[in-house]
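Student: The structure under discussion is supplied below as structure tokens; questions concerning it will follow.
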Amino acid sequence: MRGLVLGGGGLAGISWETGLLHGLAEAGLDLPGTADHILGTSAGATVAGQLASGLPLAELHLRQTDPTRQNHEIVPPLDTVGSVLETWAGLVAEITDPAELRRRIGRLALDTDTVPAAERRAVVAGRLPAHDWPAWPLTLTAVDADTGELRIFDRHSGIPLVDAVTASCAIPGIWPTVEIDGRRYMDGGIRSNTNADLMTGQQAVLVVAPMTDHHFDTELETLRATGAVLAVTPDEEALAAFGANPLDTAVRAPAAEAGRAQAHRITEQVRELWA
């Protein structure tokens with residue numbers, strides 16, 4: 001059993017992950033097609049949702065690099081992104097209980113005036129070539145903005161794929177929360193940028209993490225208790241491509257190409273894991 005974990009990282013993360021998977025496919029490693037389970041959080045939820053369409057990775061890569069195929073996005077100002085990150089850092093320094101931290105960030109998400117929910121949903125819907133859940137196991141994560149509890153979405157949840165992806169990508173303080181079943185949900189990355197610990201029990205797990213947090217090393221150790229693990233994070237070229245604002249549309253093409261190039265440098269490591 002092989003698992004693929006796709007973590008959060010804004011538009012830069014979406015593009016880099018797409019480029020990475022495309023580059024590996026060029027080397028003969030079709031990870032999405034051979035994984036037994038895919039887990040997506042935030043940007044990774046978008047990539048997983050795009051994979052659900054069945055489009056070839058080469059086409060998905062072009063949707064990141066070709067301006068005529070790129071999706072319309074709403075770009076928050078850099079100072080807004082910086083202010084939100086500064087607020088989060090202050091809360092992290094102040095609050096030691098993870099559940100309480102998630103609830104406090106949830107209050108921020110609920111109290112912030114953002115773009116209309118319908119406008120944001122339309123953007124996410126435009127990212128996805130198809131809007132149906134795939135037949136293969138796909139899990140997406142979100143966090144209840146009131147309780148701070150994790151919510152898992154899959155094809156058995158009875159929730160449209162677009163809503164699940166939108167919830168998983170609802171960055172608090174930047175994008176609106178998403179109402180599902182009478183609850184308000186925010187970005188799954190508020191629990192963890194990868195939520196990789198949810199993939200325990202697999203014989204091999206590839207964790208693709210555009211951004212990491214203080215949970216990352218612990219989650220990898222949890223996975224290693226039951227199987228082989230390889231974590232891939234952006235190399236120097238990719239980090240440079242991400243720029244100062246990972247939510248800026250200008251990062252899409254360079255981040256995708258950096259991911260594709262990085263894939264060619266790590267092919268043998270991935271091949272050994274996936275064998």
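Chain identifiers are assigned as A, B, and so on, following the order in which chains appear in the structure tokens; residues are numbered from 1 within each chain, and ligands are numbered from 1 in order of appearance.
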Residues within 7 Å of Ile14 in chain A, please, as a PDB file with all heavy atoms, in the first residue's frame. Count only C-alpha atoms; anything in the same chain fewer than 3 positions from it doesn't count.

Tutor:
ATOM      1  N   GLY A   9       0.587  25.327   0.596  1.00  0.00           N
ATOM      2  CA  GLY A   9       1.629  26.284   0.229  1.00  0.00           C
ATOM      3  C   GLY A   9       1.184  27.331  -0.767  1.00  0.00           C
ATOM      4  O   GLY A   9       1.993  27.857  -1.526  1.00  0.00           O
ATOM      5  N   GLY A  10      -0.117  27.654  -0.778  1.00  0.00           N
ATOM      6  CA  GLY A  10      -0.602  28.715  -1.656  1.00  0.00           C
ATOM      7  C   GLY A  10      -0.530  28.357  -3.126  1.00  0.00           C
ATOM      8  O   GLY A  10      -0.387  27.185  -3.512  1.00  0.00           O
ATOM      9  N   LEU A  11      -0.618  29.391  -3.979  1.00  0.00           N
ATOM     10  CA  LEU A  11      -0.533  29.156  -5.420  1.00  0.00           C
ATOM     11  C   LEU A  11       0.839  28.603  -5.797  1.00  0.00           C
ATOM     12  O   LEU A  11       0.960  27.777  -6.706  1.00  0.00           O
ATOM     13  CB  LEU A  11      -0.791  30.461  -6.187  1.00  0.00           C
ATOM     14  CG  LEU A  11      -2.198  31.036  -6.103  1.00  0.00           C
ATOM     15  CD1 LEU A  11      -2.287  32.312  -6.936  1.00  0.00           C
ATOM     16  CD2 LEU A  11      -3.235  30.032  -6.580  1.00  0.00           C
ATOM     17  N   GLU A  17       3.928  21.550  -6.713  1.00  0.00           N
ATOM     18  CA  GLU A  17       3.509  20.155  -6.596  1.00  0.00           C
ATOM     19  C   GLU A  17       3.140  19.583  -7.961  1.00  0.00           C
ATOM     20  O   GLU A  17       3.497  18.446  -8.293  1.00  0.00           O
ATOM     21  CB  GLU A  17       2.329  20.029  -5.640  1.00  0.00           C
ATOM     22  CG  GLU A  17       2.700  20.265  -4.191  1.00  0.00           C
ATOM     23  CD  GLU A  17       1.518  20.168  -3.244  1.00  0.00           C
ATOM     24  OE1 GLU A  17       0.422  20.634  -3.619  1.00  0.00           O
ATOM     25  OE2 GLU A  17       1.684  19.620  -2.151  1.00  0.00           O
ATOM     26  N   THR A  18       2.419  20.387  -8.745  1.00  0.00           N
ATOM     27  CA  THR A  18       2.027  19.933 -10.080  1.00  0.00           C
ATOM     28  C   THR A  18       3.259  19.687 -10.940  1.00  0.00           C
ATOM     29  O   THR A  18       3.366  18.666 -11.634  1.00  0.00           O
ATOM     30  CB  THR A  18       1.114  20.961 -10.754  1.00  0.00           C
ATOM     31  OG1 THR A  18      -0.042  21.188  -9.937  1.00  0.00           O
ATOM     32  CG2 THR A  18       0.665  20.493 -12.126  1.00  0.00           C
ATOM     33  N   ALA A  43      -3.322  23.782  -0.497  1.00  0.00           N
ATOM     34  CA  ALA A  43      -2.860  23.705  -1.887  1.00  0.00           C
ATOM     35  C   ALA A  43      -2.865  22.269  -2.385  1.00  0.00           C
ATOM     36  O   ALA A  43      -3.217  21.992  -3.533  1.00  0.00           O
ATOM     37  CB  ALA A  43      -1.448  24.293  -2.001  1.00  0.00           C
ATOM     38  N   GLY A  44      -2.494  21.344  -1.493  1.00  0.00           N
ATOM     39  CA  GLY A  44      -2.497  19.934  -1.864  1.00  0.00           C
ATOM     40  C   GLY A  44      -3.879  19.404  -2.161  1.00  0.00           C
ATOM     41  O   GLY A  44      -4.043  18.473  -2.961  1.00  0.00           O
ATOM     42  N   THR A  46      -6.171  21.210  -3.653  1.00  0.00           N
ATOM     43  CA  THR A  46      -6.407  21.654  -5.031  1.00  0.00           C
ATOM     44  C   THR A  46      -5.739  20.713  -6.023  1.00  0.00           C
ATOM     45  O   THR A  46      -6.347  20.282  -7.011  1.00  0.00           O
ATOM     46  CB  THR A  46      -5.872  23.081  -5.242  1.00  0.00           C
ATOM     47  OG1 THR A  46      -6.653  24.003  -4.483  1.00  0.00           O
ATOM     48  CG2 THR A  46      -5.946  23.478  -6.705  1.00  0.00           C
ATOM     49  N   VAL A  47      -4.470  20.382  -5.764  1.00  0.00           N
ATOM     50  CA  VAL A  47      -3.753  19.481  -6.677  1.00  0.00           C
ATOM     51  C   VAL A  47      -4.441  18.125  -6.735  1.00  0.00           C
ATOM     52  O   VAL A  47      -4.644  17.559  -7.814  1.00  0.00           O
ATOM     53  CB  VAL A  47      -2.287  19.333  -6.235  1.00  0.00           C
ATOM     54  CG1 VAL A  47      -1.561  18.308  -7.121  1.00  0.00           C
ATOM     55  CG2 VAL A  47      -1.572  20.673  -6.306  1.00  0.00           C
TER      56      VAL A  47
END

Student: I'd like the neighbourhood of Asn245 in chain A as JSON, numbers by chain, where a residue qualifies if any of its atoms comes within 9 Å (using only C-alpha atoms), though same-chain residues fewer than 2 positions away should be ignored.

Tutor: {"A": [10, 12, 77, 78, 81, 82, 242, 243, 247, 248, 251]}

Student: Hey, which of A:Val124, A:Ala99, A:Ala58, A:Ala241 ends up closest to Ile74 in chain A? Count only C-alpha atoms.

Tutor: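 Under the stated criterion, the closest residue is A:Val124.
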
Student: Using DSSP secondary structure from the backbone, list all strand (DSSP E or B) positions within range 81-149 of chain A, as an MDAnalysis selection string.

Tutor: chainID A and resid 138:144

Student: Apply DSSP to the backbone of this structure and, from range 44-234 of chain A, keep only the residues in alpha helix (DSSP H); write these as a ChimeraX atom specification.

Tutor: /A:44-51,57-65,78-94,98-111,117-127,161-168,216-224

Student: Using only C-alpha atoms, which protein or nucleic acid residues come within 8 Å of Thr177 in chain A? Drop anything in the same chain fewer than 5 positions from it, and give the result as an NGL selection string.

Tutor: :A and (109-110 or 117 or 145 or 167 or 170 or 172 or 184-186)

Student: Contacts between range 191-210 of chain A and range 61-153 of chain A, please, where a residue of range 61-153 of chain A counts if it comes within 8 Å (with only C-alpha atoms); show its shortest atom pair and distance in Å to one decimal, rows by chain and ascending number, as CSV.

Tutor:
residue,atom,partner,partner_atom,distance
A:Arg102,CA,A:Arg191,CA,7.1
A:Thr141,CA,A:Asn195,CA,7.9
A:Val143,CA,A:Arg191,CA,7.0
A:Leu150,CA,A:Arg191,CA,7.2

Student: Find, counting only C-alpha atoms, the residue in A:Asp144, A:Phe153, A:Asp217, A:Asp132 that gets nearest to Gly182 in chain A.

Tutor: A:Asp144

Student: Report, in Å with one decimal, the straight-line distance from CA of His156 in chain A to CA of Pro137 in chain A.

Tutor: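 Computed distance, CA of His156 in chain A to CA of Pro137 in chain A, equals 10.0 Å.
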
Student: Using only C-alpha atoms, which of the listed residues (A:Ala263, A:Leu273, A:Ile174, A:Met211) sits closest to Val229 in chain A?

Tutor: A:Leu273

Student: Report the distance between CA of Asp113 in chain A and CA of Pro176 in chain A in Å, rounded to one decimal place.

Tutor: 7.8 Å

Student: Which is closer to Ala164 in chain A than all the others in A:Ala256, A:Ala27, A:Ile180, A:Val75, using only C-alpha atoms?

Tutor: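 Using only C-alpha atoms, the shortest distance to Ala164 in chain A belongs to A:Ile180.
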
Student: Work out how far apart CA of Pro134 in chain A and CA of Gln50 in chain A are and give it in Å to one decimal.

Tutor: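 Taking CA of Pro134 in chain A and CA of Gln50 in chain A, their separation equals 10.2 Å.
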
Student: From the options A:His22, A:Arg2, A:Arg224, A:His214, which residue's atoms come nearest to Leu57 in chain A, counting only C-alpha atoms?

Tutor: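 Closest candidate: A:His22.
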
Student: Looking at only C-alpha atoms, which of A:Val84, A:Ala244, A:Val232, A:Ala255 is the one that sits closest to Gly173 in chain A?

Tutor: A:Val84
